Each structure stands twice: as structure tokens, then as C-alpha cells.
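As provided, final01.pdb (PDB, C-alpha atoms and all ligand atoms) reads as follows.
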```
ATOM      1  CA  MET J   1     -23.166 -28.919  21.564  1.00  0.00           C
ATOM      2  CA  PHE J   2     -23.099 -25.332  20.328  1.00  0.00           C
ATOM      3  CA  ILE J   3     -20.801 -22.956  22.234  1.00  0.00           C
ATOM      4  CA  THR J   4     -20.421 -19.231  21.572  1.00  0.00           C
ATOM      5  CA  LEU J   5     -17.819 -16.753  22.799  1.00  0.00           C
ATOM      6  CA  GLU J   6     -18.831 -13.161  23.352  1.00  0.00           C
ATOM      7  CA  GLY J   7     -17.235 -10.006  24.659  1.00  0.00           C
ATOM      8  CA  PRO J   8     -15.969  -6.575  23.734  1.00  0.00           C
ATOM      9  CA  GLU J   9     -13.012  -5.893  21.451  1.00  0.00           C
ATOM     10  CA  GLY J  10      -9.660  -6.993  22.853  1.00  0.00           C
ATOM     11  CA  SER J  11     -11.168  -9.342  25.417  1.00  0.00           C
ATOM     12  CA  GLY J  12      -8.790 -12.075  24.246  1.00  0.00           C
ATOM     13  CA  LYS J  13     -11.502 -14.644  23.534  1.00  0.00           C
ATOM     14  CA  THR J  14      -9.899 -15.838  20.285  1.00  0.00           C
ATOM     15  CA  THR J  15      -6.560 -16.536  21.959  1.00  0.00           C
ATOM     16  CA  ALA J  16      -8.100 -18.024  25.100  1.00  0.00           C
ATOM     17  CA  ILE J  17     -10.120 -20.629  23.201  1.00  0.00           C
ATOM     18  CA  LYS J  18      -7.072 -22.091  21.429  1.00  0.00           C
ATOM     19  CA  TYR J  19      -5.939 -23.841  24.611  1.00  0.00           C
ATOM     20  CA  ALA J  20      -9.371 -25.363  25.255  1.00  0.00           C
ATOM     21  CA  VAL J  21      -9.672 -26.574  21.656  1.00  0.00           C
ATOM     22  CA  LYS J  22      -6.258 -28.230  21.805  1.00  0.00           C
ATOM     23  CA  LYS J  23      -7.058 -29.993  25.093  1.00  0.00           C
ATOM     24  CA  LEU J  24     -10.523 -31.114  23.978  1.00  0.00           C
ATOM     25  CA  GLU J  25      -9.094 -32.533  20.750  1.00  0.00           C
ATOM     26  CA  GLU J  26      -6.479 -34.423  22.733  1.00  0.00           C
ATOM     27  CA  MET J  27      -9.352 -35.944  24.734  1.00  0.00           C
ATOM     28  CA  GLY J  28     -10.886 -37.128  21.448  1.00  0.00           C
ATOM     29  CA  TYR J  29     -13.664 -34.591  20.961  1.00  0.00           C
ATOM     30  CA  GLU J  30     -14.333 -33.390  17.421  1.00  0.00           C
ATOM     31  CA  ILE J  31     -14.376 -29.604  17.375  1.00  0.00           C
ATOM     32  CA  VAL J  32     -15.441 -27.201  14.672  1.00  0.00           C
ATOM     33  CA  GLN J  33     -14.020 -23.778  15.423  1.00  0.00           C
ATOM     34  CA  THR J  34     -15.478 -20.871  13.525  1.00  0.00           C
ATOM     35  CA  ARG J  35     -16.208 -17.154  13.745  1.00  0.00           C
ATOM     36  CA  GLU J  36     -18.742 -14.476  12.935  1.00  0.00           C
ATOM     37  CA  PRO J  37     -19.208 -12.621  10.780  1.00  0.00           C
ATOM     38  CA  GLY J  38     -17.687 -15.197   8.425  1.00  0.00           C
ATOM     39  CA  GLY J  39     -16.994 -18.905   8.529  1.00  0.00           C
ATOM     40  CA  THR J  40     -18.004 -19.699   4.929  1.00  0.00           C
ATOM     41  CA  PRO J  41     -17.000 -18.038   1.623  1.00  0.00           C
ATOM     42  CA  ILE J  42     -20.347 -16.231   1.248  1.00  0.00           C
ATOM     43  CA  SER J  43     -20.355 -15.117   4.887  1.00  0.00           C
ATOM     44  CA  GLU J  44     -16.748 -13.938   4.598  1.00  0.00           C
ATOM     45  CA  GLN J  45     -17.718 -11.799   1.600  1.00  0.00           C
ATOM     46  CA  ILE J  46     -20.518 -10.237   3.636  1.00  0.00           C
ATOM     47  CA  ARG J  47     -17.977  -9.702   6.452  1.00  0.00           C
ATOM     48  CA  ASP J  48     -15.748  -7.714   4.086  1.00  0.00           C
ATOM     49  CA  ILE J  49     -18.636  -5.375   3.255  1.00  0.00           C
ATOM     50  CA  ILE J  50     -19.608  -4.906   6.916  1.00  0.00           C
ATOM     51  CA  LEU J  51     -16.134  -4.285   8.281  1.00  0.00           C
ATOM     52  CA  SER J  52     -14.601  -2.279   5.438  1.00  0.00           C
ATOM     53  CA  LYS J  53     -13.294   1.050   6.679  1.00  0.00           C
ATOM     54  CA  ASN J  54     -14.541   2.596   3.392  1.00  0.00           C
ATOM     55  CA  ASN J  55     -18.192   1.905   4.212  1.00  0.00           C
ATOM     56  CA  THR J  56     -18.674   4.826   6.577  1.00  0.00           C
ATOM     57  CA  GLU J  57     -22.142   5.510   5.064  1.00  0.00           C
ATOM     58  CA  MET J  58     -23.565   2.188   6.227  1.00  0.00           C
ATOM     59  CA  ASP J  59     -26.952   2.521   7.892  1.00  0.00           C
ATOM     60  CA  GLY J  60     -27.484   0.753  11.238  1.00  0.00           C
ATOM     61  CA  ARG J  61     -30.354  -1.434  10.003  1.00  0.00           C
ATOM     62  CA  THR J  62     -28.368  -2.383   6.902  1.00  0.00           C
ATOM     63  CA  GLU J  63     -25.555  -3.414   9.208  1.00  0.00           C
ATOM     64  CA  ALA J  64     -27.893  -5.502  11.383  1.00  0.00           C
ATOM     65  CA  LEU J  65     -29.420  -7.224   8.338  1.00  0.00           C
ATOM     66  CA  LEU J  66     -26.008  -8.030   6.880  1.00  0.00           C
ATOM     67  CA  TYR J  67     -24.873  -9.613  10.146  1.00  0.00           C
ATOM     68  CA  ALA J  68     -28.069 -11.664  10.207  1.00  0.00           C
ATOM     69  CA  ALA J  69     -27.605 -12.690   6.550  1.00  0.00           C
ATOM     70  CA  SER J  70     -24.036 -13.737   7.167  1.00  0.00           C
ATOM     71  CA  ARG J  71     -25.177 -15.703  10.235  1.00  0.00           C
ATOM     72  CA  ARG J  72     -27.861 -17.591   8.328  1.00  0.00           C
ATOM     73  CA  GLN J  73     -25.466 -18.708   5.607  1.00  0.00           C
ATOM     74  CA  HIS J  74     -22.974 -19.778   8.269  1.00  0.00           C
ATOM     75  CA  LEU J  75     -25.626 -21.886  10.024  1.00  0.00           C
ATOM     76  CA  VAL J  76     -26.804 -23.529   6.812  1.00  0.00           C
ATOM     77  CA  GLU J  77     -23.386 -24.373   5.437  1.00  0.00           C
ATOM     78  CA  LYS J  78     -21.354 -25.038   8.532  1.00  0.00           C
ATOM     79  CA  ILE J  79     -22.954 -24.966  11.991  1.00  0.00           C
ATOM     80  CA  TRP J  80     -26.089 -27.070  11.460  1.00  0.00           C
ATOM     81  CA  PRO J  81     -24.254 -29.840   9.542  1.00  0.00           C
ATOM     82  CA  ALA J  82     -21.537 -30.032  12.222  1.00  0.00           C
ATOM     83  CA  ILE J  83     -24.077 -30.223  15.070  1.00  0.00           C
ATOM     84  CA  LYS J  84     -25.932 -32.960  13.179  1.00  0.00           C
ATOM     85  CA  GLU J  85     -22.701 -34.946  12.961  1.00  0.00           C
ATOM     86  CA  GLY J  86     -22.350 -34.700  16.753  1.00  0.00           C
ATOM     87  CA  LYS J  87     -19.406 -32.320  16.712  1.00  0.00           C
ATOM     88  CA  ILE J  88     -18.791 -29.530  19.206  1.00  0.00           C
ATOM     89  CA  VAL J  89     -19.148 -26.185  17.462  1.00  0.00           C
ATOM     90  CA  ILE J  90     -17.286 -23.259  19.017  1.00  0.00           C
ATOM     91  CA  CYS J  91     -18.170 -19.956  17.433  1.00  0.00           C
ATOM     92  CA  ASP J  92     -16.359 -16.689  18.088  1.00  0.00           C
ATOM     93  CA  ARG J  93     -19.336 -14.287  18.362  1.00  0.00           C
ATOM     94  CA  TYR J  94     -22.956 -15.070  17.437  1.00  0.00           C
ATOM     95  CA  LEU J  95     -26.418 -13.563  17.837  1.00  0.00           C
ATOM     96  CA  ASP J  96     -25.691 -11.860  21.177  1.00  0.00           C
ATOM     97  CA  SER J  97     -23.107  -9.668  19.433  1.00  0.00           C
ATOM     98  CA  SER J  98     -25.917  -8.359  17.243  1.00  0.00           C
ATOM     99  CA  LEU J  99     -28.068  -7.677  20.315  1.00  0.00           C
ATOM    100  CA  ALA J 100     -25.200  -5.824  22.027  1.00  0.00           C
ATOM    101  CA  TYR J 101     -23.698  -3.911  19.072  1.00  0.00           C
ATOM    102  CA  GLN J 102     -26.711  -3.268  16.848  1.00  0.00           C
ATOM    103  CA  GLY J 103     -29.511  -3.543  19.412  1.00  0.00           C
ATOM    104  CA  TYR J 104     -27.939  -1.498  22.196  1.00  0.00           C
ATOM    105  CA  ALA J 105     -24.894   0.409  20.916  1.00  0.00           C
ATOM    106  CA  ARG J 106     -26.452   1.360  17.546  1.00  0.00           C
ATOM    107  CA  GLY J 107     -29.742   1.930  19.347  1.00  0.00           C
ATOM    108  CA  LEU J 108     -31.887  -0.277  17.090  1.00  0.00           C
ATOM    109  CA  GLY J 109     -33.488  -1.985  20.093  1.00  0.00           C
ATOM    110  CA  GLU J 110     -32.802  -5.466  21.420  1.00  0.00           C
ATOM    111  CA  GLU J 111     -36.271  -6.736  20.497  1.00  0.00           C
ATOM    112  CA  ASN J 112     -36.039  -5.558  16.863  1.00  0.00           C
ATOM    113  CA  VAL J 113     -32.639  -7.118  16.396  1.00  0.00           C
ATOM    114  CA  LEU J 114     -33.750 -10.338  18.085  1.00  0.00           C
ATOM    115  CA  ASN J 115     -36.706 -10.551  15.717  1.00  0.00           C
ATOM    116  CA  ILE J 116     -34.698 -10.356  12.492  1.00  0.00           C
ATOM    117  CA  ASN J 117     -32.297 -12.879  13.968  1.00  0.00           C
ATOM    118  CA  LYS J 118     -35.074 -15.278  14.877  1.00  0.00           C
ATOM    119  CA  PHE J 119     -36.020 -15.255  11.215  1.00  0.00           C
ATOM    120  CA  ALA J 120     -32.397 -15.768  10.164  1.00  0.00           C
ATOM    121  CA  THR J 121     -31.540 -18.522  12.641  1.00  0.00           C
ATOM    122  CA  GLU J 122     -34.923 -20.259  13.012  1.00  0.00           C
ATOM    123  CA  ASP J 123     -34.414 -19.850  16.759  1.00  0.00           C
ATOM    124  CA  THR J 124     -31.064 -21.625  16.940  1.00  0.00           C
ATOM    125  CA  MET J 125     -29.512 -20.574  20.235  1.00  0.00           C
ATOM    126  CA  PRO J 126     -26.242 -21.746  21.805  1.00  0.00           C
ATOM    127  CA  ASP J 127     -26.149 -24.327  24.616  1.00  0.00           C
ATOM    128  CA  LEU J 128     -23.369 -22.383  26.298  1.00  0.00           C
ATOM    129  CA  THR J 129     -22.158 -18.788  25.942  1.00  0.00           C
ATOM    130  CA  ILE J 130     -18.927 -17.646  27.568  1.00  0.00           C
ATOM    131  CA  LEU J 131     -18.770 -13.894  28.089  1.00  0.00           C
ATOM    132  CA  PHE J 132     -15.242 -12.482  28.282  1.00  0.00           C
ATOM    133  CA  ASP J 133     -15.906  -9.405  30.351  1.00  0.00           C
ATOM    134  CA  ILE J 134     -13.346  -6.617  30.295  1.00  0.00           C
ATOM    135  CA  ASP J 135     -13.191  -2.843  30.670  1.00  0.00           C
ATOM    136  CA  PRO J 136     -13.128  -1.553  27.066  1.00  0.00           C
ATOM    137  CA  GLU J 137     -10.290   0.837  27.887  1.00  0.00           C
ATOM    138  CA  ILE J 138      -8.092  -2.185  28.659  1.00  0.00           C
ATOM    139  CA  GLY J 139      -9.475  -4.042  25.627  1.00  0.00           C
ATOM    140  CA  MET J 140      -8.700  -1.236  23.169  1.00  0.00           C
ATOM    141  CA  GLU J 141      -5.243  -0.872  24.666  1.00  0.00           C
ATOM    142  CA  ARG J 142      -4.623  -4.581  24.029  1.00  0.00           C
ATOM    143  CA  ILE J 143      -5.647  -4.197  20.377  1.00  0.00           C
ATOM    144  CA  LYS J 144      -3.229  -1.325  19.895  1.00  0.00           C
ATOM    145  CA  GLU J 145      -0.421  -3.425  21.356  1.00  0.00           C
ATOM    146  CA  ASN J 146      -1.325  -6.437  19.214  1.00  0.00           C
ATOM    147  CA  SER J 147      -0.085  -5.377  15.779  1.00  0.00           C
ATOM    148  CA  THR J 148      -1.249  -8.596  14.028  1.00  0.00           C
ATOM    149  CA  ARG J 149      -4.918  -7.811  14.597  1.00  0.00           C
ATOM    150  CA  GLU J 150      -6.257  -5.438  11.929  1.00  0.00           C
ATOM    151  CA  VAL J 151      -8.305  -2.465  13.088  1.00  0.00           C
ATOM    152  CA  ASN J 152     -11.835  -2.582  11.571  1.00  0.00           C
ATOM    153  CA  ARG J 153     -14.740  -0.156  11.152  1.00  0.00           C
ATOM    154  CA  LEU J 154     -16.309  -1.043  14.509  1.00  0.00           C
ATOM    155  CA  ASP J 155     -13.026  -0.693  16.386  1.00  0.00           C
ATOM    156  CA  LEU J 156     -12.981   2.919  15.242  1.00  0.00           C
ATOM    157  CA  GLU J 157     -16.095   3.769  17.279  1.00  0.00           C
ATOM    158  CA  GLN J 158     -15.596   5.983  20.324  1.00  0.00           C
ATOM    159  CA  ILE J 159     -14.929   4.481  23.743  1.00  0.00           C
ATOM    160  CA  GLU J 160     -18.517   5.293  24.845  1.00  0.00           C
ATOM    161  CA  PHE J 161     -19.794   2.907  22.164  1.00  0.00           C
ATOM    162  CA  HIS J 162     -17.609   0.119  23.533  1.00  0.00           C
ATOM    163  CA  LYS J 163     -18.715   0.840  27.099  1.00  0.00           C
ATOM    164  CA  THR J 164     -22.317   0.483  25.979  1.00  0.00           C
ATOM    165  CA  VAL J 165     -21.411  -2.823  24.329  1.00  0.00           C
ATOM    166  CA  ARG J 166     -19.870  -4.105  27.552  1.00  0.00           C
ATOM    167  CA  ASN J 167     -22.891  -3.180  29.655  1.00  0.00           C
ATOM    168  CA  ALA J 168     -25.192  -4.643  27.022  1.00  0.00           C
ATOM    169  CA  PHE J 169     -23.430  -8.017  27.208  1.00  0.00           C
ATOM    170  CA  LEU J 170     -23.669  -7.995  31.000  1.00  0.00           C
ATOM    171  CA  SER J 171     -27.375  -7.323  30.863  1.00  0.00           C
ATOM    172  CA  ILE J 172     -27.946  -9.960  28.126  1.00  0.00           C
ATOM    173  CA  SER J 173     -26.083 -12.483  30.306  1.00  0.00           C
ATOM    174  CA  LYS J 174     -28.655 -11.871  33.050  1.00  0.00           C
ATOM    175  CA  GLU J 175     -31.518 -12.428  30.634  1.00  0.00           C
ATOM    176  CA  TYR J 176     -30.213 -15.866  29.680  1.00  0.00           C
ATOM    177  CA  PRO J 177     -28.614 -17.194  32.885  1.00  0.00           C
ATOM    178  CA  GLU J 178     -29.144 -20.837  31.868  1.00  0.00           C
ATOM    179  CA  ARG J 179     -26.643 -20.645  29.024  1.00  0.00           C
ATOM    180  CA  TYR J 180     -24.343 -17.809  30.175  1.00  0.00           C
ATOM    181  CA  VAL J 181     -21.064 -17.969  32.091  1.00  0.00           C
ATOM    182  CA  VAL J 182     -19.294 -14.640  32.668  1.00  0.00           C
ATOM    183  CA  ILE J 183     -15.530 -14.616  33.172  1.00  0.00           C
ATOM    184  CA  ASP J 184     -13.182 -11.816  34.143  1.00  0.00           C
ATOM    185  CA  ALA J 185     -11.007 -11.477  31.018  1.00  0.00           C
ATOM    186  CA  SER J 186      -8.685  -8.886  32.524  1.00  0.00           C
ATOM    187  CA  ARG J 187      -6.795 -11.615  34.419  1.00  0.00           C
ATOM    188  CA  PRO J 188      -3.604 -13.231  33.069  1.00  0.00           C
ATOM    189  CA  GLN J 189      -4.122 -15.195  29.862  1.00  0.00           C
ATOM    190  CA  GLU J 190      -3.186 -18.572  31.413  1.00  0.00           C
ATOM    191  CA  GLU J 191      -5.824 -18.303  34.133  1.00  0.00           C
ATOM    192  CA  VAL J 192      -8.481 -17.339  31.624  1.00  0.00           C
ATOM    193  CA  GLU J 193      -7.539 -20.229  29.295  1.00  0.00           C
ATOM    194  CA  LYS J 194      -7.841 -22.803  32.091  1.00  0.00           C
ATOM    195  CA  GLU J 195     -11.158 -21.404  33.254  1.00  0.00           C
ATOM    196  CA  VAL J 196     -12.556 -21.612  29.723  1.00  0.00           C
ATOM    197  CA  LEU J 197     -11.600 -25.296  29.465  1.00  0.00           C
ATOM    198  CA  ASP J 198     -13.137 -26.023  32.895  1.00  0.00           C
ATOM    199  CA  ILE J 199     -16.389 -24.329  31.963  1.00  0.00           C
ATOM    200  CA  ILE J 200     -16.688 -26.357  28.755  1.00  0.00           C
ATOM    201  CA  LEU J 201     -15.809 -29.664  30.422  1.00  0.00           C
ATOM    202  CA  LYS J 202     -18.442 -29.096  33.091  1.00  0.00           C
ATOM    203  CA  ARG J 203     -21.117 -28.731  30.409  1.00  0.00           C
ATOM    204  CA  LEU J 204     -20.138 -31.730  28.295  1.00  0.00           C
TER     205      LEU J 204
HETATM  206  P1  LIG J 301     -13.605  -9.092  14.529  1.00  0.00           P
HETATM  207  O1  LIG J 301     -12.385  -8.618  13.867  1.00  0.00           O
HETATM  208  O2  LIG J 301     -13.982 -10.518  14.313  1.00  0.00           O
HETATM  209  O3  LIG J 301     -13.559  -8.683  16.044  1.00  0.00           O
HETATM  210  P2  LIG J 301     -13.280  -9.475  17.377  1.00  0.00           P
HETATM  211  O4  LIG J 301     -11.894 -10.021  17.242  1.00  0.00           O
HETATM  212  O5  LIG J 301     -13.401  -8.421  18.412  1.00  0.00           O
HETATM  213  O6  LIG J 301     -14.344 -10.539  17.483  1.00  0.00           O
HETATM  214  O7  LIG J 301     -14.780  -8.141  14.066  1.00  0.00           O
HETATM  215  C1  LIG J 301     -16.081  -8.372  14.327  1.00  0.00           C
HETATM  216  C2  LIG J 301     -16.733  -7.049  14.628  1.00  0.00           C
HETATM  217  O8  LIG J 301     -18.110  -7.118  14.314  1.00  0.00           O
HETATM  218  C3  LIG J 301     -16.622  -6.694  16.085  1.00  0.00           C
HETATM  219  O9  LIG J 301     -16.402  -5.301  16.179  1.00  0.00           O
HETATM  220  C4  LIG J 301     -18.001  -6.983  16.616  1.00  0.00           C
HETATM  221  C5  LIG J 301     -18.883  -6.760  15.445  1.00  0.00           C
HETATM  222  N1  LIG J 301     -20.132  -7.537  15.401  1.00  0.00           N
HETATM  223  C6  LIG J 301     -21.345  -6.875  15.450  1.00  0.00           C
HETATM  224  O10 LIG J 301     -21.399  -5.652  15.568  1.00  0.00           O
HETATM  225  N2  LIG J 301     -22.508  -7.604  15.362  1.00  0.00           N
HETATM  226  C7  LIG J 301     -22.509  -8.951  15.211  1.00  0.00           C
HETATM  227  O11 LIG J 301     -23.580  -9.586  15.116  1.00  0.00           O
HETATM  228  C8  LIG J 301     -21.230  -9.626  15.157  1.00  0.00           C
HETATM  229  C9  LIG J 301     -21.169 -11.103  14.982  1.00  0.00           C
HETATM  230  C10 LIG J 301     -20.064  -8.873  15.254  1.00  0.00           C
END
```

In C-alpha cells, write the structure found in this file.
Amino acid sequence: MFITLEGPEGSGKTTAIKYAVKKLEEMGYEIVQTREPGGTPISEQIRDIILSKNNTEMDGRTEALLYAASRRQHLVEKIWPAIKEGKIVICDRYLDSSLAYQGYARGLGEENVLNINKFATEDTMPDLTILFDIDPEIGMERIKENSTREVNRLDLEQIEFHKTVRNAFLSISKEYPERYVVIDASRPQEEVEKEVLDIILKRL
């Protein structure tokens, strides 16, 4: 089972999943929790290049290709082996983030970005995607309040960019209704955490 978490900045997906992982492990499931861009040493190095605040010159297509490169390495080294061993893989962001951020918000086109990602992933799509939907104004406010989370190059985009990202995710969720579940991430953390666990248990 391959599960991905998607949503705009500050949607709380990383915190919300911790509860589900803990509960699932207590039930005896083997979970591999990982994130994009990153998850392996090579992918983490690519992440540093993508998110560095110094790289203001980065071209949109370069950005999209780097995300896809990082994703491929992550699949090869971590995700595919774990799935083969029958583990549940939970990945914080995956291909849909590229469709939303690079395809829509950077304006590269969903189809173009999907195509380079098909090459990178050999058509590996998640079984379940949980979209943490939230108004980006609330999301950015949460990031500012949360001093442990470092601000990266994409956080520095204007609010319009993040609104486009939100709408992009909502429209992607309608394109793939069989694997998407949308949750309202503006509710209290405890409610969101429980809903996430319920959604996963229903699919197992
Ligand atoms: P991260 O600090 O992991 O953000 P978050 O906690 O919000 O997940 O940074 C990842 C950033 O990269 C985030 O701004 C979203 C962006 N991103 C893309 O633009 N395209 C992608 O394909 C992926 C995976 C992430």
C-alpha cells in the first residue's frame, strides 16, 4: 500500500500523520514514513539545491526536472523495495505536488509535468492520497507561528501562488477520485489526526 499526503504549506499534514503512524504500528503494521523531495541521501542533496534560498535564478523547468529526479531516486532506493516487502509506505508529498506547484503555479502545464514524471516513476501512482485542504492565508500564518519549521524558497512565493496551489490540488483531486480523499485541515489538530487514521484503516 502506497499512501501520499498532499496539501499547501502549513496544512499540518506532517504533524497529523504522526498519530496515525503510531496507532498503525501498535496494530502491528510495518510503516515506512518518508518525504519528498528527499528520503534518501541523493534525493536529500537534490532537495538542498531545489529549496536553497540562494537559488533565486532557478528556471521552472529545471525545478520540475529536479523534483522528478529526486522522486525517481527515492522510488528506486526506498519506496519500491518497501512496497515489495509488503510494508505500508506513507510519503509526505509526491507527484501531485509537482502537478500543483510546477504544472499549475509555475505555469508549466499539468500535462507536461505529468509526462516527465511518468518517465521518472514508470507510472507508479499512490493507492491513496489524502489532501489536507486549507486556506493558504491560514497555512502561512501557521508556519510563521511554528518557529521550528524553516522557511524555504517556495514559502517565499506570494500568497497568489499558494492560492493557485490550493485550487490546483482541489482540481487534481477531482481528476483522480478513486484514490483521493479531501479533508478540511483547518479544523483542530486532534480531529484531523483521527480522521486521517480512519481514512487509512478503511482502505487497508
Ligand atoms: P517542505 O519543507 O517539505 O514543505 P512542506 O512541509 O510544506 O511539505 O518543502 C517542500 C516544498 O517543495 C514545498 O514548498 C512544496 C514543494 N514541492 C514542489 O514544488 N514540487 C514537488 O514535486 C514537491 C514534492 C514539493

Find the residues near ligand LIG 301 (chain J). Use a cut-off of 6 Å, count all atoms listed in the file, and write them as a PDB file with C-alpha atoms, in the frame of the given file.
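See selection_21.pdb below for the written result:
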```pdb
ATOM      1  CA  GLU J   9     -13.012  -5.893  21.451  1.00  0.00           C
ATOM      2  CA  GLY J  10      -9.660  -6.993  22.853  1.00  0.00           C
ATOM      3  CA  GLU J  36     -18.742 -14.476  12.935  1.00  0.00           C
ATOM      4  CA  PRO J  37     -19.208 -12.621  10.780  1.00  0.00           C
ATOM      5  CA  TYR J  67     -24.873  -9.613  10.146  1.00  0.00           C
ATOM      6  CA  ARG J  93     -19.336 -14.287  18.362  1.00  0.00           C
ATOM      7  CA  TYR J  94     -22.956 -15.070  17.437  1.00  0.00           C
ATOM      8  CA  LEU J  95     -26.418 -13.563  17.837  1.00  0.00           C
ATOM      9  CA  SER J  97     -23.107  -9.668  19.433  1.00  0.00           C
ATOM     10  CA  SER J  98     -25.917  -8.359  17.243  1.00  0.00           C
ATOM     11  CA  TYR J 101     -23.698  -3.911  19.072  1.00  0.00           C
ATOM     12  CA  GLN J 102     -26.711  -3.268  16.848  1.00  0.00           C
ATOM     13  CA  LEU J 154     -16.309  -1.043  14.509  1.00  0.00           C
ATOM     14  CA  ASP J 155     -13.026  -0.693  16.386  1.00  0.00           C
TER      15      ASP J 155
END
```

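Among the candidates J:Val32, J:Leu204, J:Ala100, J:Ala64, the residue lying nearest to Trp80 in chain J is J:Val32 (atoms considered: only C-alpha atoms).
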
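Among the candidate residues J:Pro136, J:Pro188, J:Gly38, J:Gly103, the one lying nearest to Gln158 in chain J is J:Pro136, with distances computed using all atoms listed in the file.
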
For this session: Mind checking which residues fall within 9 Å of Lys18 in chain J, counting all atoms listed in the file, ignoring those fewer than 5 positions away in the same chain, and posting them as number ranges by chain?
Result: J: 13, 23, 193

For this session: Could you tell me how far CA of Gly60 in chain J lies from CA of Ile172 in chain J, in Å and to one decimal?
Result: 20.0 Å

Problem set entry | the PyMOL selection byres (((chain J and resi 187) around 12) and not hetatm) applied to the shown file, residues as a list in words |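 Here the PyMOL selection byres (((chain J and resi 187) around 12) and not hetatm) matches Ser11, Gly12, Ala16, Phe132, Asp133, Ile134, Asp135, Ile138, Gly139, Ile183, Asp184, Ala185, Ser186, Pro188, Gln189, Glu190, Glu191, Val192, Glu193, Lys194 and Glu195 of chain J.
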
For this session: Tell me, in Å to one decimal, how far CA of Arg179 in chain J is from CA of Leu128 in chain J.
Result: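 Atom-to-atom, CA of Arg179 in chain J and CA of Leu128 in chain J are spaced 4.6 Å apart.
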
Seminar exercise, completed: Ile46 in chain J proximity check over J:Met27, J:Ala68, J:Leu5, J:Leu108, using only C-alpha atoms: winner is J:Ala68

For this session: Kindly give the distance, in Å, that separates CA of Ala105 in chain J and CA of His162 in chain J, rounded to a single decimal.
Result: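 CA of His162 in chain J lies at a distance of 7.7 Å from CA of Ala105 in chain J.
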
For this session: Excluding Thr40 in chain J and any residue of its chain fewer than 5 positions from it, enumerate the residues within 10 Å of it, using all atoms listed in the file, and give them as an MDAnalysis selection string.
Result: chainID J and resid 34:35 45:46 70:71 73:78

For this session: Considering only C-alpha atoms, return as a ChimeraX atom specification whatever protein or nucleic-acid residues lie within 9 Å of Ile88 in chain J, sequence-local ones (same chain, fewer than 5 positions apart) excluded.
Result: /J:1-3,29-33,82-83

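Summary of the local environment: counting only C-alpha atoms, residues at most 10 Å from Val151 in chain J, other than itself and those fewer than 5 positions away along its chain, are Leu51, Ser52, Lys53, Ile143, Lys144 and Leu156 of chain J.
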